[in-house]
>>> print(open('data-v9.tsv').read())   # TSV, C-alpha atoms and all ligand atoms
chain	number	residue	atom	x	y	z
A	1	MET	CA	0.00	0.00	0.00
A	2	LEU	CA	1.05	3.55	-0.66
A	3	VAL	CA	-0.79	5.48	2.01
A	4	ALA	CA	-0.56	5.16	5.79
A	5	LYS	CA	-1.62	7.16	8.81
A	6	SER	CA	0.78	9.18	10.88
A	7	ASN	CA	-0.39	11.60	13.58
A	8	ASP	CA	-3.91	11.40	12.15
A	9	GLN	CA	-2.68	12.44	8.73
A	10	PHE	CA	-2.55	10.37	5.59
A	11	VAL	CA	0.97	10.13	4.25
A	12	ASN	CA	2.14	8.90	0.87
A	13	ALA	CA	5.03	6.43	1.18
A	14	PHE	CA	6.87	8.51	-1.36
A	15	ASN	CA	7.01	11.37	1.16
A	16	ALA	CA	7.48	9.22	4.24
A	17	ASN	CA	10.69	8.80	6.18
A	18	LYS	CA	11.90	6.05	8.45
A	19	ARG	CA	12.04	8.27	11.55
A	20	GLU	CA	8.26	8.49	11.79
A	21	GLU	CA	5.79	5.81	12.79
A	22	TYR	CA	3.07	4.78	10.36
A	23	TYR	CA	-0.16	2.90	10.92
A	24	CYS	CA	-2.59	1.01	8.71
A	25	PRO	CA	-5.76	3.03	8.05
A	26	GLU	CA	-7.72	-0.23	8.06
A	27	CYS	CA	-6.52	-2.23	11.07
A	28	GLY	CA	-4.39	0.31	12.94
A	29	GLU	CA	-1.32	-1.93	13.11
A	30	GLN	CA	2.05	-0.32	12.81
A	31	LEU	CA	3.47	-0.59	9.31
A	32	ILE	CA	6.94	-0.98	7.95
A	33	LEU	CA	8.08	1.62	5.45
A	34	LYS	CA	9.85	-0.01	2.52
A	35	LYS	CA	11.97	2.38	0.63
A	36	GLY	CA	15.00	1.59	-1.43
A	37	LYS	CA	16.71	2.39	-4.68
A	38	CYS	CA	15.09	-0.33	-6.74
A	39	LYS	CA	11.76	-0.45	-4.96
A	40	VAL	CA	8.61	1.58	-5.14
A	41	ALA	CA	8.26	3.24	-1.74
A	42	HIS	CA	5.40	1.53	0.06
A	43	PHE	CA	4.12	0.38	3.43
A	44	ALA	CA	3.87	-3.23	4.49
A	45	HIS	CA	2.28	-5.07	7.38
A	46	GLY	CA	4.26	-7.38	9.61
A	47	VAL	CA	4.44	-10.96	8.34
A	48	ASN	CA	1.89	-12.29	10.82
A	49	SER	CA	-0.72	-9.63	10.18
A	50	LYS	CA	-4.24	-10.77	9.43
A	51	CYS	CA	-5.28	-7.42	7.97
A	52	GLN	CA	-7.07	-7.71	4.65
A	53	LEU	CA	-4.74	-5.09	3.19
A	54	GLN	CA	-1.79	-7.25	4.10
A	55	LYS	CA	-1.69	-9.02	0.76
A	56	GLY	CA	1.34	-8.13	-1.24
A	57	GLU	CA	0.95	-5.91	-4.25
A	58	SER	CA	2.99	-6.30	-7.36
A	59	TYR	CA	5.73	-3.84	-8.24
A	60	GLU	CA	3.70	-2.85	-11.28
A	61	HIS	CA	0.59	-2.11	-9.25
A	62	LEU	CA	2.42	-0.01	-6.66
A	63	LEU	CA	4.40	1.95	-9.22
A	64	GLY	CA	1.41	2.38	-11.56
A	65	LYS	CA	-0.77	3.83	-8.81
A	66	GLN	CA	1.95	6.28	-7.87
A	67	GLN	CA	2.38	7.28	-11.53
A	68	ILE	CA	-1.35	7.66	-12.14
A	69	PHE	CA	-1.53	9.83	-9.04
A	70	GLU	CA	1.25	12.06	-10.37
A	71	TRP	CA	-0.29	12.19	-13.86
A	72	ALA	CA	-3.64	13.23	-12.41
A	73	ARG	CA	-1.98	15.84	-10.22
A	74	GLN	CA	-0.36	17.40	-13.28
A	75	ASN	CA	-3.78	17.53	-14.90
A	76	ASN	CA	-5.22	19.32	-11.85
A	77	TRP	CA	-7.65	16.54	-11.02
A	78	TYR	CA	-6.95	16.65	-7.26
A	79	PRO	CA	-6.04	12.96	-6.92
A	80	GLU	CA	-6.10	11.01	-3.67
A	81	LEU	CA	-4.47	7.62	-3.36
A	82	GLU	CA	-6.11	4.48	-1.95
A	83	VAL	CA	-9.29	6.12	-0.78
A	84	TYR	CA	-11.48	3.93	1.36
A	85	ILE	CA	-15.13	4.17	0.39
A	86	SER	CA	-17.01	2.78	3.34
A	87	SER	CA	-20.35	2.11	1.66
A	88	LEU	CA	-18.55	-0.01	-0.94
A	89	LYS	CA	-16.20	-1.52	1.60
A	90	GLN	CA	-13.41	-1.05	-0.87
A	91	ARG	CA	-10.51	1.14	-1.71
A	92	ALA	CA	-10.30	3.13	-4.92
A	93	ASP	CA	-6.75	3.04	-6.24
A	94	VAL	CA	-6.91	6.71	-7.15
A	95	LEU	CA	-9.87	9.01	-6.62
A	96	LEU	CA	-10.05	12.21	-8.66
A	97	ASN	CA	-12.14	15.28	-8.80
A	98	VAL	CA	-12.59	16.22	-12.43
A	99	GLN	CA	-14.51	19.46	-12.73
A	100	GLY	CA	-16.60	18.71	-9.69
A	101	ARG	CA	-17.21	15.09	-10.54
A	102	GLN	CA	-15.74	12.23	-8.58
A	103	VAL	CA	-13.84	9.78	-10.73
A	104	ALA	CA	-12.27	6.55	-9.54
A	105	ILE	CA	-9.39	4.92	-11.31
A	106	GLU	CA	-8.74	1.26	-10.75
A	107	PHE	CA	-5.39	0.02	-11.94
A	108	GLN	CA	-5.92	-3.66	-12.61
A	109	CYS	CA	-2.89	-5.88	-12.97
A	110	SER	CA	-4.22	-9.14	-11.57
A	111	PRO	CA	-7.15	-11.30	-12.71
A	112	LEU	CA	-10.60	-10.09	-11.72
A	113	SER	CA	-13.74	-12.17	-12.12
A	114	LEU	CA	-16.62	-10.89	-14.19
A	115	ILE	CA	-18.83	-10.87	-11.10
A	116	ASP	CA	-16.38	-8.83	-9.05
A	117	LEU	CA	-15.91	-6.40	-11.91
A	118	GLN	CA	-19.66	-6.04	-12.24
A	119	GLU	CA	-20.11	-5.48	-8.53
A	120	ARG	CA	-17.38	-2.87	-8.23
A	121	THR	CA	-18.51	-0.95	-11.28
A	122	ARG	CA	-22.12	-0.93	-10.09
A	123	GLY	CA	-21.05	0.10	-6.60
A	124	TYR	CA	-19.31	3.18	-7.97
A	125	GLU	CA	-22.24	3.93	-10.26
A	126	LYS	CA	-24.66	3.92	-7.33
A	127	LEU	CA	-22.56	6.55	-5.59
A	128	GLY	CA	-22.42	8.67	-8.74
A	129	ILE	CA	-18.70	8.02	-9.11
A	130	LYS	CA	-17.47	7.47	-12.63
A	131	CYS	CA	-15.04	4.58	-12.66
A	132	TYR	CA	-12.34	3.94	-15.22
A	133	TRP	CA	-10.40	0.71	-15.38
A	134	PHE	CA	-6.75	1.06	-16.35
A	135	LEU	CA	-5.21	-2.26	-17.29
A	136	GLY	CA	-1.68	-3.38	-16.57
A	137	SER	CA	0.77	-5.39	-18.66
A	138	PRO	CA	-0.76	-8.86	-18.10
A	139	TYR	CA	-3.84	-7.66	-19.97
A	140	GLU	CA	-1.89	-6.02	-22.74
A	141	LEU	CA	-0.69	-9.43	-23.87
A	142	LYS	CA	-4.25	-10.73	-24.02
A	143	ILE	CA	-6.05	-7.87	-25.64
A	144	HIS	CA	-8.21	-10.11	-27.84
A	145	GLN	CA	-9.33	-12.34	-25.04
A	146	ARG	CA	-12.54	-12.08	-23.13
A	147	GLN	CA	-10.78	-11.52	-19.80
A	148	THR	CA	-9.47	-8.25	-21.23
A	149	GLN	CA	-12.46	-7.32	-23.34
A	150	LYS	CA	-14.79	-7.32	-20.35
A	151	PHE	CA	-13.08	-4.04	-19.40
A	152	ILE	CA	-14.31	-2.25	-22.54
A	153	GLN	CA	-15.48	1.24	-21.63
A	154	LEU	CA	-16.99	4.19	-23.40
A	155	LEU	CA	-14.70	7.17	-23.91
A	156	ASN	CA	-16.18	10.03	-25.90
A	157	ASN	CA	-18.81	7.61	-27.17
A	158	ARG	CA	-16.24	5.16	-28.46
A	159	TYR	CA	-15.50	1.66	-27.27
A	160	ARG	CA	-12.07	1.60	-25.70
A	161	LEU	CA	-9.67	-0.38	-23.62
A	162	ILE	CA	-7.47	1.72	-21.38
A	163	PHE	CA	-3.97	0.65	-20.44
A	164	TRP	CA	-1.42	2.17	-18.13
A	165	ASN	CA	2.15	1.47	-19.10
A	166	ILE	CA	4.58	1.78	-16.19
A	167	LYS	CA	7.62	1.87	-18.46
A	168	SER	CA	6.48	5.05	-20.16
A	169	ALA	CA	4.36	6.22	-17.20
A	170	ALA	CA	1.63	6.95	-19.69
A	171	ILE	CA	-1.92	6.09	-20.57
A	172	LYS	CA	-2.55	4.11	-23.75
A	173	ILE	CA	-5.99	3.88	-25.27
A	174	GLU	CA	-6.92	1.07	-27.63
A	175	ASN	CA	-9.88	0.87	-29.95
A	176	ALA	CA	-12.25	-1.92	-29.20
A	177	THR	CA	-15.09	-2.34	-31.58
A	178	ILE	CA	-16.95	-4.49	-34.04
A	179	TRP	CA	-16.51	-3.92	-37.72
A	180	GLU	CA	-17.45	-5.55	-40.98
A	181	GLN	CA	-15.03	-7.70	-42.83
A	182	ARG	CA	-14.10	-6.47	-46.25
A	183	LEU	CA	-15.38	-9.54	-47.97
A	184	ASN	CA	-19.11	-9.07	-47.89
A	185	LEU	CA	-21.97	-10.97	-49.39
A	186	ARG	CA	-22.57	-8.45	-52.08
A	187	GLN	CA	-19.06	-9.04	-53.38
A	188	ILE	CA	-19.49	-12.77	-53.23
A	189	ASN	CA	-22.84	-12.66	-54.97
A	190	LYS	CA	-21.55	-10.53	-57.79
A	191	ASN	CA	-19.21	-13.28	-58.88
A	192	TYR	CA	-21.14	-16.32	-57.83
A	193	ARG	CA	-24.82	-15.88	-58.17
A	194	THR	CA	-26.02	-19.13	-56.68
A	195	LEU	CA	-25.23	-21.09	-53.60
A	196	HIS	CA	-24.36	-23.99	-55.85
A	197	GLN	CA	-21.65	-21.94	-57.49
A	198	LEU	CA	-20.35	-20.97	-54.09
A	199	ILE	CA	-20.21	-24.54	-52.88
A	200	SER	CA	-18.30	-25.66	-55.94
A	201	LEU	CA	-15.54	-23.16	-55.27
A	202	PRO	CA	-12.10	-24.51	-54.39
A	203	GLU	CA	-11.93	-25.52	-50.77
A	204	THR	CA	-9.23	-23.06	-49.91
A	205	LYS	CA	-11.49	-20.23	-50.94
A	206	MET	CA	-14.83	-21.15	-49.52
A	207	ASN	CA	-14.38	-24.23	-47.39
A	208	PHE	CA	-16.57	-22.65	-44.72
A	209	LEU	CA	-19.64	-23.60	-46.69
A	210	ARG	CA	-19.03	-27.31	-46.30
A	211	ASN	CA	-21.17	-27.42	-43.21
A	212	GLY	CA	-24.17	-26.43	-45.30
A	213	LEU	CA	-25.41	-23.70	-42.98
A	214	PRO	CA	-27.03	-20.68	-44.65
A	215	LEU	CA	-24.61	-18.21	-46.12
A	216	ILE	CA	-25.49	-15.50	-43.61
A	217	CYS	CA	-24.15	-17.72	-40.83
A	218	HIS	CA	-20.70	-17.40	-42.32
A	219	GLN	CA	-20.65	-13.67	-42.72
A	220	ARG	CA	-18.74	-12.87	-39.57
A	221	LEU	CA	-18.20	-9.51	-38.02
A	222	ARG	CA	-14.73	-8.89	-36.70
A	223	GLY	CA	-13.33	-7.46	-33.53
A	224	ILE	CA	-15.05	-8.03	-30.24
A	225	GLN	CA	-16.94	-11.25	-29.91
A	226	VAL	CA	-20.31	-10.57	-28.33
A	227	THR	CA	-21.70	-14.09	-28.27
A	228	LYS	CA	-20.60	-16.71	-25.76
A	229	HIS	CA	-20.58	-19.46	-28.35
A	230	PRO	CA	-19.17	-19.10	-31.85
A	231	GLU	CA	-20.98	-16.35	-33.67
A	232	ILE	CA	-21.99	-18.82	-36.38
A	233	TYR	CA	-24.12	-20.66	-33.82
A	234	TRP	CA	-26.10	-17.56	-32.89
A	235	ARG	CA	-26.58	-16.75	-36.58
A	236	TYR	CA	-27.85	-20.24	-37.17
A	237	LEU	CA	-30.42	-19.74	-34.39
A	238	VAL	CA	-31.55	-16.52	-36.07
A	239	CYS	CA	-32.08	-18.43	-39.33
A	240	ARG	CA	-34.21	-20.95	-37.46
A	241	LYS	CA	-36.19	-18.15	-35.89
A	242	LEU	CA	-36.75	-16.37	-39.22
A	243	ALA	CA	-37.98	-19.61	-40.75
A	244	ASP	CA	-40.92	-19.49	-38.33
A	245	ILE	CA	-41.95	-15.96	-39.25
A	246	PRO	CA	-44.34	-15.53	-42.21
A	247	LEU	CA	-42.78	-13.80	-45.21
A	248	PHE	CA	-43.57	-10.09	-45.55
A	249	THR	CA	-43.98	-9.64	-41.82
A	250	SER	CA	-42.95	-6.09	-41.05
A	251	PHE	CA	-41.18	-4.86	-37.92
A	252	SER	CA	-40.46	-1.48	-36.46
A	253	GLN	CA	-36.73	-0.91	-36.00
A	254	THR	CA	-37.14	-1.38	-32.23
A	255	SER	CA	-39.20	-4.55	-32.38
A	256	TRP	CA	-36.79	-6.00	-34.92
A	257	ILE	CA	-33.76	-5.45	-32.69
A	258	LYS	CA	-35.74	-6.72	-29.71
A	259	MET	CA	-36.63	-9.89	-31.59
A	260	LEU	CA	-32.97	-10.47	-32.48
A	261	ARG	CA	-31.89	-9.85	-28.91
A	262	LYS	CA	-34.26	-12.51	-27.68
A	263	VAL	CA	-32.79	-15.16	-29.95
A	264	GLU	CA	-31.01	-17.17	-27.28
A	265	ALA	CA	-30.80	-14.24	-24.87
A	266	SER	CA	-28.36	-16.12	-22.65
A	267	GLU	CA	-25.87	-16.09	-25.50
A	268	TRP	CA	-24.71	-12.52	-25.00
A	269	VAL	CA	-21.42	-11.67	-23.41
A	270	ILE	CA	-21.73	-9.20	-20.54
A	271	PHE	CA	-19.68	-6.00	-20.64
A	272	PRO	CA	-19.93	-4.63	-17.09
A	273	CYS	CA	-18.27	-1.29	-17.80
A	274	LEU	CA	-20.72	-0.35	-20.54
A	275	PRO	CA	-24.40	0.59	-20.43
A	276	PRO	CA	-26.33	-2.70	-20.70
A	277	MET	CA	-26.70	-4.14	-24.21
A	278	ILE	CA	-25.20	-1.11	-25.95
A	279	LEU	CA	-22.46	-3.12	-27.64
A	280	ILE	CA	-24.88	-5.91	-28.48
A	281	ASN	CA	-27.16	-3.39	-30.18
A	282	THR	CA	-24.22	-2.13	-32.23
A	283	TYR	CA	-23.61	-5.70	-33.31
A	284	LEU	CA	-27.28	-6.24	-34.15
A	285	ARG	CA	-27.36	-3.12	-36.30
A	286	LEU	CA	-24.38	-4.34	-38.31
A	287	PHE	CA	-25.92	-7.79	-38.59
A	288	THR	CA	-29.18	-6.24	-39.82
A	289	GLY	CA	-27.19	-4.45	-42.52
A	290	GLN	CA	-25.77	-7.79	-43.64
A	291	LEU	CA	-29.25	-9.33	-43.83
A	292	ILE	CA	-30.35	-6.41	-46.00
A	293	ARG	CA	-27.37	-6.79	-48.31
A	294	CYS	CA	-28.04	-10.44	-48.86
A	295	GLY	CA	-31.68	-9.78	-49.60
A	296	ILE	CA	-33.28	-11.53	-46.64
A	297	ILE	CA	-34.90	-8.37	-45.32
A	298	VAL	CA	-35.56	-4.93	-46.80
A	299	ARG	CA	-35.95	-1.57	-45.12
A	300	ARG	CA	-38.96	0.43	-46.23
A	301	LYS	CA	-40.04	3.68	-44.61
A	302	LYS	CA	-38.28	2.89	-41.34
A	303	ARG	CA	-39.78	-0.60	-41.23
A	304	ILE	CA	-38.02	-3.88	-41.70
A	305	ILE	CA	-39.71	-6.49	-43.83
A	306	LEU	CA	-38.76	-10.14	-44.09
A	307	VAL	CA	-38.74	-10.97	-47.80
A	308	LYS	CA	-36.69	-14.15	-48.13
A	309	TYR	CA	-35.70	-17.01	-45.90
A	310	PRO	CA	-32.02	-17.81	-45.45
A	311	ARG	CA	-31.42	-20.81	-47.67
A	312	SER	CA	-29.26	-23.82	-47.19
A	313	SER	CA	-28.27	-26.78	-49.29
A	314	ARG	CA	-28.94	-29.18	-46.44
A	315	SER	CA	-31.94	-30.35	-44.47
A	316	LEU	CA	-32.69	-28.93	-41.04
A	317	ALA	CA	-31.64	-32.17	-39.38
A	318	GLU	CA	-28.31	-32.08	-41.18
A	319	GLN	CA	-27.78	-28.46	-40.25
A	320	GLU	CA	-28.57	-29.24	-36.63
A	321	GLN	CA	-26.00	-32.01	-36.66
A	322	GLU	CA	-23.37	-29.68	-38.09
A	323	VAL	CA	-24.10	-27.08	-35.44
A	324	GLN	CA	-23.80	-29.62	-32.64
A	325	LYS	CA	-20.47	-30.76	-34.04
A	326	LEU	CA	-19.34	-27.17	-34.15
A	327	LEU	CA	-20.34	-26.53	-30.56
A	328	SER	CA	-18.73	-29.66	-29.19
A	329	GLY	CA	-15.51	-28.69	-30.92
A	330	TYR	CA	-15.65	-25.30	-29.24
A	331	GLN	CA	-15.96	-26.43	-25.64
B	401	ZN	ZN	-3.96	-3.20	8.12
>>> encode(input="data-v9.tsv", output="C-alpha cells")
Amino acid sequence: MLVAKSNDQFVNAFNANKREEYYCPECGEQLILKKGKCKVAHFAHGVNSKCQLQKGESYEHLLGKQQIFEWARQNNWYPELEVYISSLKQRADVLLNVQGRQVAIEFQCSPLSLIDLQERTRGYEKLGIKCYWFLGSPYELKIHQRQTQKFIQLLNNRYRLIFWNIKSAAIKIENATIWEQRLNLRQINKNYRTLHQLISLPETKMNFLRNGLPLICHQRLRGIQVTKHPEIYWRYLVCRKLADIPLFTSFSQTSWIKMLRKVEASEWVIFPCLPPMILINTYLRLFTGQLIRCGIIVRRKKRIILVKYPRSSRSLAEQEQEVQKLLSGYQ
C-alpha cells in the first residue's frame, strides 16, 4: 500500500521517512516503510498480520498507482491515493475530482472475475462516481481475449480499452469495436450468383460452406466477440427463428432489434463497464445491414420487412447435426 496514517494524517510512502511511525488506516497496526533504490516506496504489514490489506501488491501495481496519481496531479484533477469508500467496503486506487465530478481509477494488474468487476462498477455507479479501469501489462498481452475485453469502456462515445504502461508512465488507449469484414456478401454474390456456385468453389477459398449452414451464418463480423458461443451458432439460431416468421412480416426498428436480442438471450457476453446491451445493439445493427445486403430483409419507410428465408443446401436435421459438431468442438 502507498498510504498510511501518521499523527492522524494520511501520508504517501513517497514522502514518508523512516524516523516516523506509520499505521494502517484499516486495522491500525504499525506498518513498515519499505523504501529503497530499486523499490517503489510503500508500506507493508508485519508478516503475521491478518489485515485484509496485508496481501502483497505487485511492483507494477504499486508503481502504476503512484504514476497515475502524479499524472492526475499534473492535470489538476486533485487525486487522492487508496481512498477507502465505506459504503462499498473497498478502496479506490486513485480518486479524482474532475470538474466537480468524482472519478475513480482502478489500476488492474491481476485477474478479476466478471462478477467482481460487475459489482465494483455498479457500486461506484450507485454513488455517482465514474469509474475507469486502467489495465496493466498482463492484460496487454491478451487484448483479444474475453478476460481483457470485459473491461471495454466508453470514452467520448467510443468503445475503448485503457492501459497504463509503467515503463512510459503513460496512458494508452486502444480501440475496441466491431466492424465488418471487407469480404461481404454483395461481393461474393456478384461473382457467384447461386449457392451452388459458391459450394463448388475450391476448398481453400470457400471451405466454410461445407457445413451447409445458410450463407449468412458465415458472414462474420470482426473485432469483439459478443456471443458466448461461436458467432456462427447464434446466426444459425436466427435463421431458425426467421424460418418461423411468415414472409412479408414487417417490424419497427425497435421490435426487430428486440426480436434479435431474444434469440437465445443467454448467449450474450456481458460487458460490465458499458451501459447494458449497448455493444450488443451495435452488433445487431451491423448484422441487420448484412441481412439487408443479402436480400433476406428490406428496409422500407423505417420498417423492416422479411422478404426471403435464409437458404441452405442441407436439411434442417443435417444443419442441426453440423451445429452440434461445431459446438462440441468449441468447448
Ligand atoms: Zn492493516
>>> residues_around(input="data-v9.tsv", residues="range 300-316 of chain A", least_positions_apart="6", cutoff="9 Å", atoms="only C-alpha atoms", output="list in words")
Leu195, His196, Asn211, Gly212, Leu213, Pro214, Leu215, Ile216, Cys239, Arg240, Leu242, Ala243, Ile245, Pro246, Leu247, Phe248, Thr249, Ser250, Phe251, Ser252, Gln253 and Trp256 of chain A
>>> residues_near_ligand(input="data-v9.tsv", ligand="ligand ZN 401 (chain B)", cutoff="8 Å", atoms="only C-alpha atoms and all ligand atoms", output="list in words")
Tyr23, Cys24, Pro25, Glu26, Cys27, Gly28, Glu29, Leu31, His45, Ser49, Lys50, Cys51, Gln52, Leu53 and Gln54 of chain A
>>> closest_residue(input="data-v9.tsv", among="A:Leu279, A:Ile162, A:Leu2, A:Val47", to="Leu63 in chain A", atoms="only C-alpha atoms")
A:Leu2
>>> closest_residue(input="data-v9.tsv", among="A:Arg235, A:Lys325, A:Lys65, A:Arg261", to="Leu291 in chain A", atoms="only C-alpha atoms")
A:Arg235
>>> residues_around(input="data-v9.tsv", residues="Ser137 in chain A", least_positions_apart="5", cutoff="8 Å", atoms="all atoms listed in the file", output="list in words")
Cys109, Phe163, Trp164 and Asn165 of chain A
>>> write_last_selection(input="data-v9.tsv", atoms="C-alpha atoms", output="PDB file, in the frame of the given file")
ATOM      1  CA  CYS A 109      -2.890  -5.880 -12.970  1.00  0.00           C
ATOM      2  CA  PHE A 163      -3.970   0.650 -20.440  1.00  0.00           C
ATOM      3  CA  TRP A 164      -1.420   2.170 -18.130  1.00  0.00           C
ATOM      4  CA  ASN A 165       2.150   1.470 -19.100  1.00  0.00           C
TER       5      ASN A 165
END
>>> residues_near_point(input="data-v9.tsv", point="(-8.5, 0.1, -25.7)", cutoff="8 Å", atoms="only C-alpha atoms", output="PyMOL selection string")
chain A and resi 152+159-163+172-176
>>> residues_around(input="data-v9.tsv", residues="Ile85 in chain A", least_positions_apart="6", cutoff="12 Å", atoms="all atoms listed in the file", output="list in words")
Glu26, Arg91, Ala92, Asp93, Val94, Leu95, Ala104, Arg120, Gly123, Tyr124, Leu127 and Ile129 of chain A
>>> atom_distance(input="data-v9.tsv", atom1="CA of Ile292 in chain A", atom2="CA of Glu180 in chain A")
13.9 Å
>>> closest_residue(input="data-v9.tsv", among="A:Ser87, A:Pro272, A:Gln66, A:Ile278", to="Tyr132 in chain A", atoms="only C-alpha atoms")
A:Pro272
>>> atom_distance(input="data-v9.tsv", atom1="CA of Val103 in chain A", atom2="CA of Lys130 in chain A")
4.7 Å
